[in-house]
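Here's the structure, in structure tokens; my notes come after.
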Amino acid sequence: MSKLLAFISTFALLVVMIGVIAYERYYAPPGGFLHRTIDAPAIVKQVQPLSELITVRYTIEKVVGMTEDKRPMGSESILLLVQGRVMAGVDLSGLTQYDVIKSGKSVKVRIPAARITEAFLDEKYTKVWDRHITWWTPWVPYDPELEHKARLAAIADVRQAALDMGILKQAQQNAETAIRRFLQALGFETVTTYSAT
């Protein structure tokens, strides 16, 4: 599902850019796009349909262990080998005319701060490597919830690892690059983007 979402976001951006270029080249009246009136609300109207722009995806492999104490004694432990995926991008649906400053063929756009849009485990590459109860308490039953708890902890670990690796910074840079290219395709010569943070 997440791969499909990322593909659709990227594909939508490319289709819009190709459509604008084709219109400008073959159907626009003489004088070109920028010679007609294009103000901040018009730019926002062009950019907003991009909506949730997923700009980066990290794949992280980790070993996650969890131990749970048993009553009256002993413990149960589980060891997972996981592969997690973390996606990040920016939400352009909230962009307003106040986020855009246009001057001739130059435009300055305030881009919302990047955020993690999804973090999950790839079940195909996630498995229980080891699970046992302390040898002196073999009568203690396995906790059916322990694996679920370990998976939740693994998602949190994968998310934190992506943050530590700089996923938000990369997502912000990629989003700003994509918006610059999009607006340059509209005909702007100078495009400046900056983060909302």
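As shown in the structure tokens, the chain order sets the letters A, B, ...; within each chain, residues go from 1, and ligands are also counted from 1 in the order they appear.
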
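Those residues that approach Leu163 of chain A to within 12 Å, counting only C-alpha atoms, are Arg57, Tyr58, Ile60, Val86, Met87, Ala88, Ala114, Arg115, Ile116, Ala119, Ala156, Asp157, Val158, Arg159, Gln160, Ala161, Met165, Gly166, Ile167, Leu168, Lys169, Gln170 and Ala171 of chain A; same-chain residues fewer than 2 positions away are not listed.
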
>> What's around Thr177 of chain A at 12 Å? Count only C-alpha atoms, leave out sequence neighbours fewer than 4 positions away in its own chain, and write the answer as a ChimeraX atom specification.
In response: /A:53,55,109,111,170-173,181-184,191-195

Those same residues - N, CA and C atoms - I'd like them written as a PDB file, in the first residue's frame.
ATOM      1  N   LEU A  53       3.158  14.701  -0.436  1.00  0.00           N
ATOM      2  CA  LEU A  53       4.287  14.428  -1.321  1.00  0.00           C
ATOM      3  C   LEU A  53       5.320  13.589  -0.572  1.00  0.00           C
ATOM      4  N   THR A  55       8.648  11.920  -0.285  1.00  0.00           N
ATOM      5  CA  THR A  55       9.892  12.221  -0.989  1.00  0.00           C
ATOM      6  C   THR A  55      11.039  11.276  -0.644  1.00  0.00           C
ATOM      7  N   VAL A 109       8.623  30.238  -2.051  1.00  0.00           N
ATOM      8  CA  VAL A 109       7.572  29.378  -1.500  1.00  0.00           C
ATOM      9  C   VAL A 109       8.009  28.801  -0.159  1.00  0.00           C
ATOM     10  N   ILE A 111       7.665  25.935   2.315  1.00  0.00           N
ATOM     11  CA  ILE A 111       7.285  24.521   2.266  1.00  0.00           C
ATOM     12  C   ILE A 111       7.024  24.028   3.693  1.00  0.00           C
ATOM     13  N   GLN A 170      16.405  14.874   4.822  1.00  0.00           N
ATOM     14  CA  GLN A 170      16.444  14.446   3.423  1.00  0.00           C
ATOM     15  C   GLN A 170      15.085  14.628   2.754  1.00  0.00           C
ATOM     16  N   ALA A 171      14.009  14.317   3.488  1.00  0.00           N
ATOM     17  CA  ALA A 171      12.662  14.481   2.930  1.00  0.00           C
ATOM     18  C   ALA A 171      12.387  15.950   2.620  1.00  0.00           C
ATOM     19  N   GLN A 172      12.838  16.842   3.504  1.00  0.00           N
ATOM     20  CA  GLN A 172      12.634  18.274   3.287  1.00  0.00           C
ATOM     21  C   GLN A 172      13.394  18.750   2.046  1.00  0.00           C
ATOM     22  N   GLN A 173      14.634  18.331   1.937  1.00  0.00           N
ATOM     23  CA  GLN A 173      15.453  18.721   0.784  1.00  0.00           C
ATOM     24  C   GLN A 173      14.844  18.206  -0.518  1.00  0.00           C
ATOM     25  N   ARG A 181      11.604  22.384  -9.147  1.00  0.00           N
ATOM     26  CA  ARG A 181      11.544  21.902 -10.530  1.00  0.00           C
ATOM     27  C   ARG A 181      10.145  22.087 -11.120  1.00  0.00           C
ATOM     28  N   PHE A 182       9.140  21.855 -10.308  1.00  0.00           N
ATOM     29  CA  PHE A 182       7.762  22.010 -10.761  1.00  0.00           C
ATOM     30  C   PHE A 182       7.487  23.458 -11.174  1.00  0.00           C
ATOM     31  N   LEU A 183       7.901  24.411 -10.320  1.00  0.00           N
ATOM     32  CA  LEU A 183       7.646  25.820 -10.620  1.00  0.00           C
ATOM     33  C   LEU A 183       8.525  26.318 -11.761  1.00  0.00           C
ATOM     34  N   GLN A 184       9.724  25.781 -11.882  1.00  0.00           N
ATOM     35  CA  GLN A 184      10.566  26.136 -13.026  1.00  0.00           C
ATOM     36  C   GLN A 184       9.928  25.641 -14.321  1.00  0.00           C
ATOM     37  N   VAL A 191      13.392  30.311  -8.427  1.00  0.00           N
ATOM     38  CA  VAL A 191      12.482  29.721  -7.445  1.00  0.00           C
ATOM     39  C   VAL A 191      13.263  29.512  -6.156  1.00  0.00           C
ATOM     40  N   THR A 192      12.777  30.096  -5.097  1.00  0.00           N
ATOM     41  CA  THR A 192      13.395  29.937  -3.771  1.00  0.00           C
ATOM     42  C   THR A 192      12.410  29.224  -2.862  1.00  0.00           C
ATOM     43  N   THR A 193      12.874  28.189  -2.207  1.00  0.00           N
ATOM     44  CA  THR A 193      12.032  27.492  -1.254  1.00  0.00           C
ATOM     45  C   THR A 193      12.687  27.537   0.116  1.00  0.00           C
ATOM     46  N   TYR A 194      11.873  27.531   1.149  1.00  0.00           N
ATOM     47  CA  TYR A 194      12.390  27.477   2.498  1.00  0.00           C
ATOM     48  C   TYR A 194      11.418  26.719   3.377  1.00  0.00           C
ATOM     49  N   SER A 195      11.948  26.196   4.468  1.00  0.00           N
ATOM     50  CA  SER A 195      11.154  25.345   5.349  1.00  0.00           C
ATOM     51  C   SER A 195      10.305  26.173   6.304  1.00  0.00           C
TER      52      SER A 195
END

>> Restricting the calculation to only C-alpha atoms: of A:Glu176, A:Asp122, A:Glu68, A:Glu76, which residue gets closest to Ala154 of chain A?
In response: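 The shortest atom-to-atom distance to Ala154 of chain A comes from A:Asp122.
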
>> If I take atom CA of Leu121 of chain A and atom CA of Asp91 of chain A, how far is one from the other in Å, to one decimal?
In response: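 Answer for the atom CA of Leu121 of chain A to atom CA of Asp91 of chain A separation: 23.1 Å.
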
> Which of these, A:Lys62, A:Lys127, A:His132, A:Arg151, has the shortest distance to Ser75 of chain A once you count only C-alpha atoms?
Replying inline: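 Checking each candidate against Ser75 of chain A, we get A:His132 as the closest.
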
>> Going by DSSP on the backbone, which residues of segment 57-195 of chain A come out as helix (DSSP H, G or I)? List them as a PyMOL selection string.
In response: chain A and resi 92-94+97-99+123-125+146-164+167-185

> Hey, can you check how far atom CA of Tyr125 of chain A sits from atom CA of Glu61 of chain A?
Replying inline: 9.0 Å

> Counting only C-alpha atoms, what is within 8 Å of Leu79 of chain A, bar same-chain residues fewer than 5 positions away, as a list in words?
Replying inline: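 My reading of the contact set: Val63, Val64, Gly65, Met66, Val128, Trp129, Asp130 and Arg131 of chain A.
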
> Between atom CA of Pro112 of chain A and atom CA of Ser93 of chain A, what is the spacing in Å?
Replying inline: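 A separation of 9.6 Å between them.
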
>> Please extract the residues of segment 62-156 of chain A with a backbone DSSP assignment of strand (DSSP E or B) and present them as a PyMOL selection string.
In response: chain A and resi 62-69+75-91+100-103+106-111+115-121+127-133

May I have the residues from that selection written out with N, CA and C atoms, as a CSV table (one decimal), in the first residue's frame?
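Everything below was put into result18.csv:
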chain,number,residue,atom,x,y,z
A,62,LYS,N,16.9,-4.6,11.6
A,62,LYS,CA,17.3,-4.5,13.0
A,62,LYS,C,17.0,-5.9,13.7
A,63,VAL,N,17.7,-6.1,14.8
A,63,VAL,CA,17.4,-7.2,15.7
A,63,VAL,C,16.8,-6.6,16.9
A,64,VAL,N,15.6,-7.1,17.3
A,64,VAL,CA,14.9,-6.6,18.4
A,64,VAL,C,14.6,-7.7,19.4
A,65,GLY,N,15.0,-7.5,20.6
A,65,GLY,CA,14.8,-8.5,21.7
A,65,GLY,C,13.9,-7.9,22.8
A,66,MET,N,13.1,-8.8,23.4
A,66,MET,CA,12.2,-8.4,24.5
A,66,MET,C,12.2,-9.5,25.5
A,67,THR,N,12.2,-9.2,26.8
A,67,THR,CA,12.1,-10.1,27.9
A,67,THR,C,11.0,-9.7,28.8
A,68,GLU,N,10.2,-10.7,29.2
A,68,GLU,CA,9.1,-10.5,30.1
A,68,GLU,C,9.2,-11.4,31.3
A,69,ASP,N,9.2,-10.8,32.5
A,69,ASP,CA,9.3,-11.6,33.7
A,69,ASP,C,8.0,-12.3,34.0
A,75,SER,N,11.4,-16.2,33.3
A,75,SER,CA,11.1,-15.1,32.3
A,75,SER,C,10.9,-15.8,31.0
A,76,GLU,N,10.4,-15.0,30.1
A,76,GLU,CA,10.2,-15.4,28.7
A,76,GLU,C,10.8,-14.4,27.8
A,77,SER,N,11.5,-14.8,26.8
A,77,SER,CA,12.2,-13.8,25.9
A,77,SER,C,11.9,-14.2,24.4
A,78,ILE,N,12.0,-13.1,23.6
A,78,ILE,CA,11.8,-13.3,22.2
A,78,ILE,C,12.8,-12.4,21.4
A,79,LEU,N,13.3,-12.9,20.3
A,79,LEU,CA,14.2,-12.2,19.5
A,79,LEU,C,13.7,-12.2,18.1
A,80,LEU,N,13.5,-11.0,17.5
A,80,LEU,CA,12.9,-10.8,16.2
A,80,LEU,C,14.0,-10.2,15.3
A,81,LEU,N,14.1,-10.8,14.0
A,81,LEU,CA,14.8,-10.1,13.0
A,81,LEU,C,13.8,-9.4,12.1
A,82,VAL,N,13.9,-8.1,12.0
A,82,VAL,CA,12.9,-7.3,11.4
A,82,VAL,C,13.5,-6.4,10.2
A,83,GLN,N,12.7,-6.2,9.2
A,83,GLN,CA,13.0,-5.2,8.2
A,83,GLN,C,11.9,-4.2,8.2
A,84,GLY,N,12.2,-3.0,8.5
A,84,GLY,CA,11.2,-1.9,8.6
A,84,GLY,C,11.3,-0.9,7.5
A,85,ARG,N,10.2,-0.3,7.2
A,85,ARG,CA,10.2,0.7,6.1
A,85,ARG,C,9.6,2.0,6.8
A,86,VAL,N,10.3,3.1,6.5
A,86,VAL,CA,9.8,4.4,7.0
A,86,VAL,C,9.7,5.4,5.8
A,87,MET,N,8.6,6.0,5.7
A,87,MET,CA,8.4,7.0,4.6
A,87,MET,C,8.2,8.4,5.2
A,88,ALA,N,8.7,9.4,4.5
A,88,ALA,CA,8.6,10.7,5.0
A,88,ALA,C,8.3,11.7,3.8
A,89,GLY,N,7.7,12.8,4.1
A,89,GLY,CA,7.4,13.8,3.0
A,89,GLY,C,6.8,15.0,3.6
A,90,VAL,N,6.1,15.8,2.8
A,90,VAL,CA,5.5,17.0,3.2
A,90,VAL,C,4.0,17.0,2.8
A,91,ASP,N,3.2,17.7,3.6
A,91,ASP,CA,1.8,17.8,3.3
A,91,ASP,C,1.5,19.2,2.7
A,100,VAL,N,3.3,32.0,-0.4
A,100,VAL,CA,3.9,32.2,-1.8
A,100,VAL,C,4.1,33.7,-2.0
A,101,ILE,N,5.3,34.1,-2.3
A,101,ILE,CA,5.6,35.5,-2.7
A,101,ILE,C,6.2,35.5,-4.1
A,102,LYS,N,5.4,36.2,-5.0
A,102,LYS,CA,5.8,36.3,-6.4
A,102,LYS,C,6.3,37.7,-6.8
A,103,SER,N,7.3,37.7,-7.6
A,103,SER,CA,7.8,39.0,-8.1
A,103,SER,C,8.4,38.8,-9.5
A,106,SER,N,10.2,35.6,-10.6
A,106,SER,CA,10.8,35.0,-9.4
A,106,SER,C,9.6,34.6,-8.4
A,107,VAL,N,9.8,33.5,-7.7
A,107,VAL,CA,8.8,33.2,-6.7
A,107,VAL,C,9.5,32.5,-5.5
A,108,LYS,N,9.0,32.8,-4.3
A,108,LYS,CA,9.5,32.3,-3.1
A,108,LYS,C,8.4,31.5,-2.4
A,109,VAL,N,8.6,30.2,-2.1
A,109,VAL,CA,7.6,29.4,-1.5
A,109,VAL,C,8.0,28.8,-0.2
A,110,ARG,N,7.1,28.9,0.8
A,110,ARG,CA,7.3,28.3,2.1
A,110,ARG,C,6.8,26.9,2.1
A,111,ILE,N,7.7,25.9,2.3
A,111,ILE,CA,7.3,24.5,2.3
A,111,ILE,C,7.0,24.0,3.7
A,115,ARG,N,7.6,15.4,7.6
A,115,ARG,CA,7.2,14.5,8.8
A,115,ARG,C,7.2,13.1,8.3
A,116,ILE,N,7.3,12.2,9.2
A,116,ILE,CA,7.1,10.8,8.9
A,116,ILE,C,5.7,10.5,8.6
A,117,THR,N,5.4,9.9,7.5
A,117,THR,CA,4.0,9.6,7.1
A,117,THR,C,3.6,8.2,7.4
A,118,GLU,N,4.6,7.3,7.4
A,118,GLU,CA,4.3,5.9,7.7
A,118,GLU,C,5.6,5.1,8.2
A,119,ALA,N,5.4,4.2,9.1
A,119,ALA,CA,6.5,3.3,9.6
A,119,ALA,C,5.8,2.0,9.8
A,120,PHE,N,6.4,0.9,9.2
A,120,PHE,CA,5.8,-0.4,9.4
A,120,PHE,C,6.9,-1.5,9.1
A,121,LEU,N,6.5,-2.7,9.5
A,121,LEU,CA,7.4,-3.8,9.3
A,121,LEU,C,7.1,-4.5,8.0
A,127,LYS,N,10.9,-12.0,11.1
A,127,LYS,CA,10.6,-13.4,11.6
A,127,LYS,C,11.1,-13.5,13.0
A,128,VAL,N,10.5,-14.4,13.7
A,128,VAL,CA,11.0,-14.8,15.1
A,128,VAL,C,12.3,-15.6,15.0
A,129,TRP,N,13.4,-15.1,15.5
A,129,TRP,CA,14.6,-15.8,15.4
A,129,TRP,C,14.8,-16.8,16.6
A,130,ASP,N,14.3,-16.3,17.8
A,130,ASP,CA,14.5,-17.2,19.0
A,130,ASP,C,13.4,-16.8,20.0
A,131,ARG,N,12.9,-17.8,20.7
A,131,ARG,CA,11.9,-17.6,21.7
A,131,ARG,C,12.0,-18.7,22.7
A,132,HIS,N,12.1,-18.3,24.0
A,132,HIS,CA,12.2,-19.4,25.0
A,132,HIS,C,11.8,-18.8,26.4
A,133,ILE,N,11.6,-19.8,27.2
A,133,ILE,CA,11.3,-19.6,28.6
A,133,ILE,C,12.5,-20.1,29.4
